[in-house]
Structures are given as C-alpha cells and as structure tokens.
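As stored in query.cif (mmCIF, C-alpha atoms and all ligand atoms):
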data_query
loop_
_atom_site.label_atom_id
_atom_site.label_comp_id
_atom_site.auth_asym_id
_atom_site.auth_seq_id
_atom_site.Cartn_x
_atom_site.Cartn_y
_atom_site.Cartn_z
CA MET A 1 0.00 0.00 0.00
CA PRO A 2 1.33 3.43 -0.86
CA SER A 3 1.77 6.15 1.72
CA MET A 4 -1.08 8.60 1.42
CA VAL A 5 1.03 11.74 1.59
CA THR A 6 2.15 13.89 -1.31
CA THR A 7 4.39 16.90 -1.57
CA ASP A 8 3.67 17.20 -5.30
CA PRO A 9 -0.11 17.17 -5.82
CA ALA A 10 0.11 18.25 -9.47
CA HIS A 11 1.75 14.89 -10.30
CA ALA A 12 0.22 12.63 -7.66
CA ALA A 13 -2.08 9.69 -8.34
CA PRO A 14 -5.24 10.02 -6.23
CA CYS A 15 -5.71 7.17 -3.76
CA PHE A 16 -8.51 6.53 -1.29
CA PHE A 17 -7.61 3.30 0.51
CA ALA A 18 -4.59 2.36 2.59
CA GLU A 19 -3.58 0.40 5.64
CA PRO A 20 -3.61 2.62 8.74
CA HIS A 21 -0.35 4.55 8.90
CA GLU A 22 1.15 7.79 10.20
CA VAL A 23 0.89 10.58 7.66
CA ALA A 24 2.41 13.36 9.79
CA PRO A 25 4.01 13.49 13.24
CA GLY A 26 1.32 12.32 15.66
CA VAL A 27 -1.35 11.75 12.99
CA LEU A 28 -2.71 8.30 12.13
CA LEU A 29 -4.74 8.00 8.93
CA PHE A 30 -7.37 5.27 8.55
CA ALA A 31 -8.38 5.54 4.90
CA ASN A 32 -11.31 3.49 3.64
CA PHE A 33 -12.71 5.68 0.88
CA VAL A 34 -13.18 8.32 3.60
CA ASN A 35 -10.27 9.55 5.72
CA ASN A 36 -10.57 9.11 9.48
CA TYR A 37 -7.80 10.78 11.47
CA ALA A 38 -6.48 10.13 14.97
CA LEU A 39 -4.29 12.88 16.32
CA GLN A 40 -2.11 12.60 19.41
CA LEU A 41 -1.70 15.99 21.11
CA GLY A 42 0.54 15.61 24.16
CA ASP A 43 -1.19 12.99 26.31
CA ASP A 44 -4.56 13.43 24.63
CA LEU A 45 -6.26 11.95 21.62
CA VAL A 46 -8.38 13.85 19.09
CA ILE A 47 -10.34 12.18 16.32
CA VAL A 48 -11.30 14.05 13.20
CA ASP A 49 -14.15 12.24 11.41
CA PRO A 50 -14.78 8.85 12.98
CA GLY A 51 -16.14 7.66 9.61
CA PHE A 52 -18.65 4.99 8.65
CA GLU A 53 -20.73 3.19 11.27
CA HIS A 54 -19.90 -0.24 9.84
CA LEU A 55 -16.13 0.41 10.13
CA SER A 56 -16.27 1.74 13.70
CA THR A 57 -14.76 -1.40 15.27
CA LEU A 58 -11.94 -1.61 12.74
CA PHE A 59 -11.11 2.06 13.15
CA HIS A 60 -11.18 1.76 16.94
CA GLU A 61 -8.82 -1.24 16.82
CA ALA A 62 -6.41 0.62 14.54
CA VAL A 63 -6.36 3.65 16.80
CA ARG A 64 -5.96 1.62 19.98
CA ALA A 65 -3.09 -0.36 18.46
CA TRP A 66 -1.42 3.00 17.91
CA THR A 67 -2.13 4.87 21.18
CA ARG A 68 -3.82 4.37 24.57
CA ALA A 69 -4.29 8.12 25.07
CA PRO A 70 -7.79 9.05 26.30
CA LEU A 71 -10.11 10.37 23.60
CA ARG A 72 -10.78 14.01 24.56
CA VAL A 73 -12.30 15.42 21.40
CA ALA A 74 -14.07 13.98 18.38
CA VAL A 75 -14.82 16.27 15.48
CA TYR A 76 -17.40 15.91 12.72
CA THR A 77 -16.24 18.01 9.79
CA HIS A 78 -19.84 17.54 8.60
CA GLY A 79 -22.69 15.13 9.29
CA HIS A 80 -22.45 12.84 6.25
CA ALA A 81 -22.80 9.08 6.62
CA ASP A 82 -19.17 8.42 5.71
CA HIS A 83 -17.79 10.91 8.28
CA ALA A 84 -19.90 11.23 11.43
CA PHE A 85 -21.10 7.73 12.33
CA GLY A 86 -18.03 5.82 13.55
CA LEU A 87 -17.83 6.68 17.26
CA ARG A 88 -19.78 3.66 18.51
CA ALA A 89 -16.77 1.44 19.30
CA PHE A 90 -15.01 4.24 21.20
CA LEU A 91 -18.10 4.93 23.32
CA GLU A 92 -18.60 1.22 23.99
CA ALA A 93 -14.98 1.05 25.20
CA GLY A 94 -15.69 3.83 27.70
CA ASP A 95 -14.38 6.96 25.96
CA ARG A 96 -16.48 10.07 26.66
CA PRO A 97 -15.18 12.76 24.31
CA LEU A 98 -16.39 16.23 23.59
CA ILE A 99 -18.09 15.74 20.23
CA ILE A 100 -17.72 18.96 18.30
CA ALA A 101 -19.58 19.96 15.15
CA GLN A 102 -20.99 22.98 13.44
CA GLU A 103 -24.52 23.73 14.71
CA ASN A 104 -26.31 22.77 11.49
CA CYS A 105 -25.20 19.17 12.06
CA ILE A 106 -28.04 18.78 14.59
CA ALA A 107 -30.65 19.88 12.05
CA ARG A 108 -29.06 17.57 9.48
CA PHE A 109 -29.49 14.54 11.75
CA ARG A 110 -33.14 15.53 12.35
CA ARG A 111 -33.69 15.80 8.61
CA TYR A 112 -32.07 12.38 8.13
CA GLU A 113 -34.59 10.90 10.56
CA ARG A 114 -37.53 12.57 8.80
CA THR A 115 -36.38 11.63 5.27
CA HIS A 116 -34.80 8.28 6.04
CA GLY A 117 -36.55 6.36 3.27
CA TRP A 118 -35.87 9.00 0.65
CA ASN A 119 -32.17 9.14 1.52
CA ALA A 120 -31.92 5.35 1.52
CA PHE A 121 -33.27 5.27 -2.06
CA ILE A 122 -30.94 8.08 -3.15
CA ASN A 123 -27.95 6.24 -1.74
CA GLN A 124 -28.98 3.00 -3.41
CA ARG A 125 -29.17 4.75 -6.79
CA GLN A 126 -26.08 6.93 -6.39
CA PHE A 127 -23.78 4.12 -5.29
CA SER A 128 -25.59 1.22 -7.05
CA LEU A 129 -26.19 -0.59 -3.74
CA PRO A 130 -28.11 -3.87 -3.66
CA GLN A 131 -30.87 -2.32 -1.52
CA PRO A 132 -31.79 1.04 0.02
CA MET A 133 -29.37 1.88 2.86
CA PHE A 134 -28.94 4.79 5.22
CA PRO A 135 -27.90 5.13 8.87
CA ARG A 136 -30.63 5.21 11.51
CA SER A 137 -28.71 5.74 14.75
CA PHE A 138 -26.89 8.97 15.50
CA VAL A 139 -24.22 9.98 17.98
CA THR A 140 -25.23 13.59 18.38
CA PRO A 141 -22.58 16.28 18.91
CA ASN A 142 -22.46 17.63 22.48
CA LEU A 143 -20.70 20.89 21.62
CA VAL A 144 -21.80 22.85 18.56
CA PHE A 145 -20.78 26.29 17.36
CA HIS A 146 -22.16 28.92 15.02
CA ASP A 147 -19.18 30.45 13.19
CA ARG A 148 -16.03 29.79 15.20
CA LEU A 149 -14.79 28.01 18.29
CA SER A 150 -11.44 27.74 20.04
CA GLU A 151 -10.60 24.90 22.43
CA ARG A 152 -7.36 24.26 24.32
CA ILE A 153 -6.00 20.72 24.57
CA GLY A 154 -2.85 20.77 26.72
CA ASN A 155 -0.46 23.11 24.92
CA PHE A 156 -2.41 23.13 21.69
CA THR A 157 -5.24 25.20 20.28
CA LEU A 158 -8.04 23.73 18.22
CA GLU A 159 -9.43 26.50 16.05
CA PHE A 160 -12.73 25.61 14.40
CA ARG A 161 -14.38 27.62 11.65
CA ALA A 162 -17.81 27.01 10.19
CA ALA A 163 -18.18 26.72 6.42
CA ARG A 164 -20.71 25.78 3.79
CA GLY A 165 -19.83 23.84 0.68
CA GLU A 166 -20.97 20.32 -0.05
CA THR A 167 -23.12 20.74 3.06
CA ASP A 168 -24.45 23.57 5.23
CA ASP A 169 -22.90 22.03 8.36
CA ALA A 170 -19.22 21.93 7.34
CA CYS A 171 -16.34 23.07 9.50
CA TYR A 172 -12.58 22.93 9.36
CA LEU A 173 -10.01 22.63 12.11
CA PHE A 174 -6.66 24.41 12.28
CA ILE A 175 -4.02 23.76 14.92
CA PRO A 176 -1.66 26.74 14.69
CA GLU A 177 1.10 25.28 16.89
CA LYS A 178 1.45 22.43 14.39
CA ARG A 179 0.18 24.19 11.26
CA TYR A 180 -2.17 21.24 10.70
CA LEU A 181 -5.36 21.92 8.75
CA PHE A 182 -8.20 19.38 8.69
CA CYS A 183 -10.59 20.52 5.98
CA GLY A 184 -13.14 17.69 5.72
CA ASP A 185 -14.77 17.47 2.31
CA LEU A 186 -13.78 20.98 1.28
CA ILE A 187 -10.98 19.02 -0.47
CA ILE A 188 -11.77 15.51 -1.75
CA TRP A 189 -9.25 14.80 -4.56
CA MET A 190 -12.04 15.14 -7.15
CA SER A 191 -13.79 18.16 -8.57
CA PRO A 192 -15.91 19.63 -5.74
CA ASN A 193 -19.13 17.68 -5.33
CA CYS A 194 -21.45 20.63 -5.06
CA GLY A 195 -23.81 19.68 -7.85
CA ASN A 196 -25.27 16.34 -6.78
CA PRO A 197 -28.56 16.00 -8.71
CA GLN A 198 -30.31 14.01 -5.98
CA LYS A 199 -29.43 15.96 -2.86
CA VAL A 200 -30.30 19.14 -1.03
CA GLN A 201 -28.85 22.54 -1.90
CA ARG A 202 -25.07 22.93 -1.99
CA TYR A 203 -23.01 26.11 -1.77
CA PRO A 204 -20.27 26.58 -4.39
CA GLU A 205 -19.52 30.22 -3.57
CA ASP A 206 -19.26 29.68 0.19
CA TRP A 207 -17.08 26.71 -0.63
CA ALA A 208 -14.70 28.87 -2.68
CA LEU A 209 -14.59 31.45 0.08
CA ALA A 210 -13.73 28.83 2.72
CA LEU A 211 -10.91 27.53 0.51
CA GLU A 212 -9.52 31.03 0.03
CA THR A 213 -9.70 31.71 3.77
CA MET A 214 -7.92 28.43 4.51
CA ALA A 215 -5.23 29.29 1.98
CA GLY A 216 -4.35 32.27 4.17
CA LEU A 217 -3.67 30.14 7.26
CA GLY A 218 -0.17 29.07 6.21
CA ALA A 219 -0.84 25.38 6.93
CA GLU A 220 2.04 22.99 6.39
CA TYR A 221 -0.17 19.90 6.28
CA LEU A 222 -3.60 19.62 4.72
CA PHE A 223 -5.68 16.62 5.84
CA PRO A 224 -8.62 16.23 3.43
CA GLY A 225 -11.83 14.25 3.89
CA HIS A 226 -10.87 11.92 1.03
CA GLY A 227 -7.61 11.29 -0.80
CA LEU A 228 -4.02 12.20 -0.17
CA VAL A 229 -2.65 14.28 2.68
CA ILE A 230 -0.76 17.25 1.25
CA HIS A 231 2.54 18.28 2.82
CA GLY A 232 4.26 21.59 2.15
CA THR A 233 3.02 25.15 2.56
CA GLU A 234 3.08 25.96 -1.16
CA ALA A 235 1.48 22.66 -2.18
CA VAL A 236 -1.32 23.17 0.33
CA ARG A 237 -1.93 26.71 -0.88
CA THR A 238 -1.95 25.68 -4.52
CA VAL A 239 -4.52 22.91 -4.05
CA LEU A 240 -6.78 25.17 -1.99
CA LEU A 241 -6.62 28.07 -4.43
CA ASP A 242 -6.90 25.92 -7.57
CA THR A 243 -10.05 24.35 -6.18
CA ALA A 244 -11.48 27.76 -5.32
CA ARG A 245 -10.64 28.95 -8.82
CA TYR A 246 -12.32 25.89 -10.39
CA LEU A 247 -15.51 26.87 -8.59
CA ARG A 248 -15.25 30.59 -9.30
CA VAL A 249 -14.92 29.96 -13.05
CA LEU A 250 -18.31 28.22 -12.98
CA ILE A 251 -19.90 30.66 -10.53
CA ASP A 252 -18.86 33.75 -12.50
CA GLN A 253 -20.19 32.40 -15.80
CA VAL A 254 -23.54 31.37 -14.32
CA LEU A 255 -24.03 34.67 -12.55
CA GLU A 256 -23.10 36.75 -15.58
CA ARG A 257 -25.48 34.82 -17.81
CA MET A 258 -28.32 34.88 -15.29
CA ASN A 259 -27.94 38.65 -15.02
CA ARG A 260 -28.13 38.91 -18.80
CA GLY A 261 -31.51 37.22 -18.61
CA GLU A 262 -30.48 33.97 -20.27
CA GLN A 263 -32.69 30.96 -19.65
CA PRO A 264 -31.55 28.13 -17.37
CA GLU A 265 -31.34 25.72 -20.30
CA GLU A 266 -29.05 28.06 -22.28
CA ILE A 267 -26.86 28.58 -19.24
CA PHE A 268 -26.64 24.86 -18.58
CA HIS A 269 -25.37 24.19 -22.11
CA ALA A 270 -23.06 27.21 -22.34
CA VAL A 271 -21.12 27.09 -19.08
CA GLU A 272 -17.96 25.00 -19.03
CA PRO A 273 -15.27 24.44 -16.41
CA ASP A 274 -11.70 25.64 -16.87
CA ARG A 275 -10.03 22.95 -18.97
CA GLU A 276 -6.58 23.21 -17.48
CA LEU A 277 -7.80 23.12 -13.89
CA SER A 278 -10.08 20.19 -14.76
CA SER A 279 -7.06 18.09 -15.65
CA ARG A 280 -5.34 18.45 -12.26
CA PRO A 281 -5.21 15.13 -10.37
CA TYR A 282 -7.14 16.69 -7.48
CA LEU A 283 -9.89 18.17 -9.70
CA LEU A 284 -10.92 15.33 -12.03
CA PRO A 285 -14.72 15.10 -12.45
CA HIS A 286 -14.92 11.46 -11.39
CA TYR A 287 -17.58 11.86 -8.72
CA ASP A 288 -19.72 14.92 -9.36
CA HIS A 289 -20.08 16.63 -12.75
CA PRO A 290 -19.41 20.34 -13.48
CA LYS A 291 -22.76 20.63 -15.27
CA PHE A 292 -24.47 19.55 -12.04
CA ILE A 293 -22.74 22.46 -10.30
CA VAL A 294 -24.26 24.77 -12.92
CA ARG A 295 -27.71 23.34 -12.14
CA ASN A 296 -27.11 23.77 -8.43
CA LEU A 297 -26.17 27.42 -8.86
CA LEU A 298 -29.30 28.00 -10.93
CA ARG A 299 -31.32 26.45 -8.11
CA LEU A 300 -29.50 28.58 -5.51
CA TRP A 301 -30.19 31.89 -7.22
CA GLY A 302 -33.28 31.10 -9.25
CA GLY A 303 -36.56 29.27 -9.02
CA TRP A 304 -37.29 25.78 -10.26
CA TRP A 305 -38.89 26.82 -13.56
CA ASN A 306 -36.71 25.73 -16.49
CA GLY A 307 -37.67 28.54 -18.89
CA ASN A 308 -40.01 26.44 -21.03
CA ALA A 309 -43.58 27.74 -20.57
CA ALA A 310 -45.07 24.34 -21.50
CA ASP A 311 -43.21 22.85 -18.55
CA LEU A 312 -44.75 25.28 -16.07
CA LEU A 313 -47.98 23.29 -15.61
CA PRO A 314 -47.20 20.41 -17.95
CA ALA A 315 -48.95 17.31 -19.21
CA PRO A 316 -47.67 14.10 -17.61
CA TRP A 317 -44.57 12.64 -19.32
CA ALA A 318 -46.54 9.60 -20.50
CA THR A 319 -49.12 11.83 -22.20
CA GLN A 320 -46.43 13.92 -23.91
CA ALA A 321 -44.60 10.77 -24.93
CA ARG A 322 -47.67 9.14 -26.50
CA GLU A 323 -48.20 12.26 -28.61
CA ILE A 324 -44.56 12.36 -29.75
CA VAL A 325 -44.56 8.65 -30.59
CA ARG A 326 -47.85 9.00 -32.50
CA LEU A 327 -46.37 11.90 -34.52
CA ALA A 328 -43.28 9.82 -35.26
CA GLY A 329 -45.43 7.08 -36.77
CA GLY A 330 -45.43 4.66 -33.85
CA ALA A 331 -43.08 3.01 -31.36
CA ASP A 332 -41.24 0.91 -33.96
CA ALA A 333 -40.22 4.05 -35.85
CA VAL A 334 -38.92 5.70 -32.69
CA VAL A 335 -36.95 2.59 -31.75
CA ALA A 336 -35.47 2.33 -35.25
CA ARG A 337 -34.29 5.94 -35.13
CA GLY A 338 -33.02 5.44 -31.58
CA ARG A 339 -30.93 2.50 -32.79
CA GLU A 340 -29.47 4.62 -35.61
CA LEU A 341 -28.52 7.33 -33.16
CA LEU A 342 -27.03 4.84 -30.74
CA GLU A 343 -24.95 3.25 -33.47
CA ALA A 344 -23.76 6.69 -34.57
CA GLY A 345 -22.63 7.40 -31.01
CA GLU A 346 -25.39 9.97 -30.46
CA THR A 347 -26.20 8.54 -27.07
CA VAL A 348 -27.62 11.73 -25.59
CA LEU A 349 -30.34 12.03 -28.23
CA ALA A 350 -30.88 8.27 -28.29
CA ALA A 351 -31.63 8.42 -24.55
CA HIS A 352 -34.41 10.96 -25.16
CA LEU A 353 -35.98 8.68 -27.75
CA ALA A 354 -35.70 5.69 -25.42
CA GLU A 355 -37.47 7.63 -22.67
CA TRP A 356 -40.27 8.74 -25.01
CA VAL A 357 -40.94 5.30 -26.38
CA THR A 358 -40.84 3.51 -23.01
CA ARG A 359 -42.99 6.15 -21.35
CA ALA A 360 -45.51 5.99 -24.22
CA GLU A 361 -45.53 2.18 -24.40
CA PRO A 362 -43.90 0.57 -21.37
CA ASN A 363 -44.63 -2.94 -22.71
CA HIS A 364 -42.89 -2.41 -26.07
CA ARG A 365 -39.92 -4.80 -25.97
CA GLY A 366 -37.88 -2.96 -28.58
CA GLY A 367 -38.34 0.24 -26.61
CA GLN A 368 -37.12 -1.32 -23.38
CA GLU A 369 -34.19 -2.94 -25.25
CA LEU A 370 -33.26 0.44 -26.67
CA LYS A 371 -33.43 1.99 -23.21
CA ARG A 372 -31.30 -0.80 -21.74
CA ASP A 373 -28.62 -0.46 -24.44
CA VAL A 374 -28.60 3.33 -24.47
CA TYR A 375 -27.94 3.57 -20.75
CA ALA A 376 -25.36 0.80 -20.89
CA ALA A 377 -23.55 2.99 -23.45
CA ARG A 378 -23.94 6.18 -21.44
CA LEU A 379 -22.65 4.35 -18.39
CA GLN A 380 -19.53 3.35 -20.31
CA GLU A 381 -18.73 6.83 -21.56
CA GLU A 382 -19.49 8.74 -18.35
CA PRO A 383 -16.70 9.42 -15.84
CA SER A 384 -18.94 10.92 -13.13
CA LEU A 385 -19.95 8.32 -10.56
CA MET A 386 -23.10 10.27 -9.68
CA ALA A 387 -24.23 10.16 -13.31
CA GLN A 388 -23.21 6.52 -13.64
CA GLY A 389 -25.42 5.58 -10.68
CA ILE A 390 -28.49 7.12 -12.31
CA TYR A 391 -27.72 5.59 -15.72
CA ARG A 392 -27.18 2.19 -14.17
CA ALA A 393 -30.52 2.42 -12.34
CA ALA A 394 -32.29 3.38 -15.61
CA MET A 395 -30.58 0.51 -17.47
CA ASN A 396 -31.67 -1.90 -14.75
CA ASP A 397 -35.26 -0.61 -14.83
CA ALA A 398 -35.30 -1.62 -18.50
CA ARG A 399 -33.70 -4.99 -17.75
CA VAL A 400 -36.32 -5.74 -15.12
CA ALA A 401 -39.09 -4.68 -17.53
CA LEU A 402 -37.61 -7.20 -20.01
CA GLY A 403 -37.52 -9.99 -17.41
CA GLU A 404 -33.71 -9.85 -17.15
CA ASP A 405 -31.65 -9.67 -13.97
CA PRO A 406 -30.39 -6.24 -13.03
CA LEU A 407 -26.64 -5.85 -13.59
CA PRO A 408 -24.69 -4.96 -10.46
CA PRO A 409 -21.67 -2.71 -10.84
CA SER A 410 -18.57 -4.55 -12.01
CA SER A 411 -15.89 -5.26 -9.44
CA GLY A 412 -14.24 -2.14 -10.83
CA HIS A 413 -17.09 -0.02 -9.48
CA LEU A 414 -15.58 2.77 -7.43
CA GLY A 415 -12.45 1.67 -9.25
CA ILE A 416 -11.51 5.30 -9.52
CA LEU A 417 -11.45 5.24 -5.74
CA ARG A 418 -9.79 1.90 -5.14
CA PRO A 419 -6.08 1.20 -5.38
CA ALA A 420 -5.03 -0.77 -8.47
ZN ZN A 501 -17.07 12.58 2.39
#
In structure tokens, what does this structure look like?
Amino acid sequence: MPSMVTTDPAHAAPCFFAEPHEVAPGVLLFANFVNNYALQLGDDLVIVDPGFEHLSTLFHEAVRAWTRAPLRVAVYTHGHADHAFGLRAFLEAGDRPLIIAQENCIARFRRYERTHGWNAFINQRQFSLPQPMFPRSFVTPNLVFHDRLSERIGNFTLEFRAARGETDDACYLFIPEKRYLFCGDLIIWMSPNCGNPQKVQRYPEDWALALETMAGLGAEYLFPGHGLVIHGTEAVRTVLLDTARYLRVLIDQVLERMNRGEQPEEIFHAVEPDRELSSRPYLLPHYDHPKFIVRNLLRLWGGWWNGNAADLLPAPWATQAREIVRLAGGADAVVARGRELLEAGETVLAAHLAEWVTRAEPNHRGGQELKRDVYAARLQEEPSLMAQGIYRAAMNDARVALGEDPLPPSSGHLGILRPA
C-alpha cells in the first residue's frame, strides 16, 4: 500500500484506501474511501471524522493499536454518513469525548430521521447498492458552534471555523502550533461535489470562500476528507486556491449569464469548467459533474422553472410521450431511429428517444431494449460516478421490464477510488 502523503499534488495519483499509517508526526490515517484521522496531542487523543458506522470497530482497533491516550475530542467536519457515524466502538470502550460539530449538524441529523426512506433510495441509486441503505442511529454532537470556536488541549489550540460547501454544516479545524489543517470534504481529490442531482442545496460560492480563507492560514499539512494528505506550505496553498478557482470559473459564468436574462437551459449548455484546472489530479470530475454544479447554482439563485412555458404546468410525461410517438409514426419508428442514433454514437439524443418510447408504451420490448442499451452505453462513456449511478438504475429498470436480472456494478465499481 502506498503512503497517502504527497508533496507534489500536481503529479500525484489520487488514492482513497490504505492500511492505517502515520501521515504526519502524531497523525494516524485510517483511509477506507473516507479519511478518518487520529491525532495525538501531548497525552490526549483527538479524532477528526470517525467515519462509517460499519467500520467503527476496525477504526477503533487501529487507533488503539497506535495509542492508549484518552479520547478528549471527536470532530465531525460535517454530518455525512461516511464521516460522522463511527464513534460507537469508542463509546462502547468507555471513551467520553467532547463531540464537536458545526450547529447545522443537529438539524441535518433531524432531517435524516424525517427523510430516512428518501435518503436510503438516493444512496442506493447513487452508489448502485443492492438495496436502500442509510444510517438510523446517530451519535449527536455535544458541543456545537455557530461560526467559530477555540478549544485548548494541553499546549495546543483547536481552532474551528464554520463553512458551507458540499453541506451547510461543514467546518474545518486548524491547529496553529502544528500548522495542521483538517478541511473535511472541502478538499476531496475530485472536482468539488457541489452539484449532486439528488441531494439538497449545496453552496459553491461559500465553498470557494472557505478555501480562500484556509489558503491564508499558512498550513504545512492539509488533511482532506478523502484522498491524499498534502505536505508543504506551497502545495497546500496551490490545491486550496486551484479548487477555489475551479468553482469561481463556474460561478462567474452562471451569474453573468443569469444577469443577462439567459434561460436556465441556455446557461446549462453554455457554461464549461476551466479545462486546465479540470485536468489536475485533485480536480478530475470522477464523482460529481461540473454541469451539475451549474444546475445547483441556478437552483440557488433562481426558481425551479426551467424557462419552457409548457413545462410550467405540464402534461404528464406519458401523455407527452404518447403524442410524440404518435407523430413519429409509432413506437417501432422511434426505436429504429433510436438505434441509428445509438450506433452513430449519439447517445444523448438516443436516450431521449428511449425515454419517449418507453414512457408511451412501457410494454414495447424494442423500446425497453433500446433503453437498456442506451444507458449501458452512457454508463460506459461517463466518468462521473453520480451520473453513472443514475444511468445504471435506468438501465436496470429496462432490464427488469424485459424480465432480465439487473446488472450490479462490475468489481471495478468505485475503481476510480480503489487502489489498483
Ligand atoms: Zn465525504
């Protein structure tokens, strides 16, 4: 297993899994897709992001093989399922830490209880899980803060700052005596995931601002929520500011076009990310998609109307689809044209035809076969895991309609995240 530290992020290969190892003096990294950190400060132990619930015991064992220091503080950089659910084994072993989070984490957990089923279905689709899954039990923070908080641990200062980015309950932790910066998912070794089509509002501009503020801290180590630890003041600054710039390029274009009165659909098609920044190893669009960030900005600053007056109070999709298919001369004609488009590599248009024909005539075999094959193709050509999850679900809906077994992700699923 490689060490998950880089001093040269521009040439590093992203990596998201490793055996537990020290990544900086006094810092143990437990990396299992998400990064859990244990930090020894004098005689005390601090945990930043205890991680997944189902890995709690493994994480606890790794930490306790490394230090017996009492757990004084646990930090949730935000309340997501991969970050804030792994304290169980520590509590069962008798640790009673301060559990620190930004105040919106409490409201997040309440929302998770109220929308448990919905979130379980989202997660199933996004990650192609065999069934709906989402955590049900919460270890609630016992110390929350609004915008900043400072705590002393022995000779060290824990400086917390609230942020919004992927979530509204983010925070980061800076320890000035060590120049350690724990930034949670404000850096994830992918393009920022602030566009997710299935989730609540995200905050690209606040995200950029938090990155720019962090870049001014002079940190020597950056400990991200996913991916490699970055060592070196200049390297840390570069990654933070490049990521902020990536976001600002999208934000500025969307805002300018909105203020010109362009319609959401035009803006969606016109706005593109910066090509050079998009090729950096820490900004590849392998999880979210830059176009989803455009959509999210439109939602942040605009209403939900898409600019098409027919869509304001529309006919049901099935009704529209039957009319389109009738005009085309029937389902067979639509399928035939869909096949032509698919063979020509026009998968985007072919997908529209597949949706029309299967919504007009759900029992038309050729239509469902077209839908199955179109989404199999889109799945192949799409680097964004969030998009892949939705395409795979659509492909499997067609397979089930055809009496075929749904196809699980290949063993290479999350391959972008797993070591070779
Ligand atoms: Zn995360």
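Those residues that approach Gly42 of chain A to within 9 Å, counting all atoms listed in the file, are Ala69, Ile153, Gly154, Asn155 and Phe156 of chain A; same-chain residues fewer than 4 positions away are not listed.
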### Env. residues ligand ZN 501 (chain A) / 7 Å / all atoms listed in the file / as a list in words
Val34, His80, Asp82, His83, Asp185, Gly225 and His226 of chain A
### Query
At most 10 Å from (-28.8, 4.7, 0.5), file frame, all atoms listed in the file: which residues, as JSON, numbers by chain?
{"A": [81, 116, 117, 118, 119, 120, 121, 122, 123, 124, 125, 126, 127, 128, 129, 130, 131, 132, 133, 134, 135]}
Requested write-out: C-alpha atoms of the selected residues, as a tab-separated table (two decimals), in the frame of the given file:
chain	number	residue	atom	x	y	z
A	81	ALA	CA	-22.80	9.08	6.62
A	116	HIS	CA	-34.80	8.28	6.04
A	117	GLY	CA	-36.55	6.36	3.27
A	118	TRP	CA	-35.87	9.00	0.65
A	119	ASN	CA	-32.17	9.14	1.52
A	120	ALA	CA	-31.92	5.35	1.52
A	121	PHE	CA	-33.27	5.27	-2.06
A	122	ILE	CA	-30.94	8.08	-3.15
A	123	ASN	CA	-27.95	6.24	-1.74
A	124	GLN	CA	-28.98	3.00	-3.41
A	125	ARG	CA	-29.17	4.75	-6.79
A	126	GLN	CA	-26.08	6.93	-6.39
A	127	PHE	CA	-23.78	4.12	-5.29
A	128	SER	CA	-25.59	1.22	-7.05
A	129	LEU	CA	-26.19	-0.59	-3.74
A	130	PRO	CA	-28.11	-3.87	-3.66
A	131	GLN	CA	-30.87	-2.32	-1.52
A	132	PRO	CA	-31.79	1.04	0.02
A	133	MET	CA	-29.37	1.88	2.86
A	134	PHE	CA	-28.94	4.79	5.22
A	135	PRO	CA	-27.90	5.13	8.87
Can you tell me which residues surround segment 56-68 of chain A at a distance of at most 8 Å, considering all atoms listed in the file, apart from same-chain residues fewer than 5 positions away, and format the answer as a short mmCIF file (atom, residue, chain, number, x, y, z; two decimals) with C-alpha atoms, keeping the file's coordinate frame?
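See out_22.cif below for the written result:
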data_model
loop_
_atom_site.label_atom_id
_atom_site.label_comp_id
_atom_site.auth_asym_id
_atom_site.auth_seq_id
_atom_site.Cartn_x
_atom_site.Cartn_y
_atom_site.Cartn_z
CA PRO A 20 -3.61 2.62 8.74
CA LEU A 28 -2.71 8.30 12.13
CA PHE A 30 -7.37 5.27 8.55
CA ASN A 36 -10.57 9.11 9.48
CA ALA A 38 -6.48 10.13 14.97
CA GLN A 40 -2.11 12.60 19.41
CA PRO A 50 -14.78 8.85 12.98
CA GLY A 51 -16.14 7.66 9.61
CA PHE A 85 -21.10 7.73 12.33
CA GLY A 86 -18.03 5.82 13.55
CA LEU A 87 -17.83 6.68 17.26
CA ARG A 88 -19.78 3.66 18.51
CA ALA A 89 -16.77 1.44 19.30
CA PHE A 90 -15.01 4.24 21.20
#
### Message
Can you tell me which residues surround Gly227 of chain A at a distance of at most 9 Å, considering all atoms listed in the file, apart from same-chain residues fewer than 3 positions away, and format the answer as a PyMOL selection string?
### Response
chain A and resi 4-5+14-17+31+33-35+187-190+223-224+282+417
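Nearest-residue note for Arg72 of chain A: choosing from A:Leu158, A:Asn363, A:Glu205, A:Leu55, the minimum distance belongs to A:Leu158, counting only C-alpha atoms.
Of the residues listed (A:Pro9, A:Pro273, A:Pro97, A:Gly26), A:Pro9 shows the shortest atom-to-atom separation from Ala235 of chain A; distances use all atoms listed in the file.
Taking all atoms listed in the file, the non-local environment of segment 170-177 of chain A within 8 Å (same-chain residues fewer than 3 positions away omitted) comprises Tyr76, Thr77, His78, Gly79, Ala101, Gln102, Phe156, Thr157, Leu158, Glu159, Phe160, Arg161, Ala162, Ala163, Arg164, Gly165, Glu166, Thr167, Tyr180, Leu181, Phe182, Cys183, Gly184 and Ala219 of chain A.
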### Query
Nearest to Ala84 of chain A: which of A:Glu22, A:Asp252, A:Glu266, A:Asp169 is it, counting all atoms listed in the file?
A:Asp169
#### Entry: Using only C-alpha atoms: which of A:Leu247, A:Asn308, A:Asp8, A:Arg299 has the shortest distance to Glu265 of chain A
A:Asn308
### Task
Excluding segment 365-377 of chain A and residues on its chain fewer than 6 positions from it, collect all residues at most 6 Å away from it, counting only C-alpha atoms, and give them as a VMD selection string.
chain A and resid 335 351 354 357 to 358 391 395 398
### Task
Would you kindly identify which residues have an atom no farther than 8 Å from (-23.5, 6.6, -24.2), using all atoms listed in the file and the file's own coordinates, and write them out as a ChimeraX atom specification?
/A:342,345-348,374-382
Could the residues in this selection be saved with C-alpha atoms as a PDB file, in the coordinates of the input?
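The new file out.pdb reads:
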ATOM      1  CA  LEU A 342     -27.030   4.840 -30.740  1.00  0.00           C
ATOM      2  CA  GLY A 345     -22.630   7.400 -31.010  1.00  0.00           C
ATOM      3  CA  GLU A 346     -25.390   9.970 -30.460  1.00  0.00           C
ATOM      4  CA  THR A 347     -26.200   8.540 -27.070  1.00  0.00           C
ATOM      5  CA  VAL A 348     -27.620  11.730 -25.590  1.00  0.00           C
ATOM      6  CA  VAL A 374     -28.600   3.330 -24.470  1.00  0.00           C
ATOM      7  CA  TYR A 375     -27.940   3.570 -20.750  1.00  0.00           C
ATOM      8  CA  ALA A 376     -25.360   0.800 -20.890  1.00  0.00           C
ATOM      9  CA  ALA A 377     -23.550   2.990 -23.450  1.00  0.00           C
ATOM     10  CA  ARG A 378     -23.940   6.180 -21.440  1.00  0.00           C
ATOM     11  CA  LEU A 379     -22.650   4.350 -18.390  1.00  0.00           C
ATOM     12  CA  GLN A 380     -19.530   3.350 -20.310  1.00  0.00           C
ATOM     13  CA  GLU A 381     -18.730   6.830 -21.560  1.00  0.00           C
ATOM     14  CA  GLU A 382     -19.490   8.740 -18.350  1.00  0.00           C
TER      15      GLU A 382
END
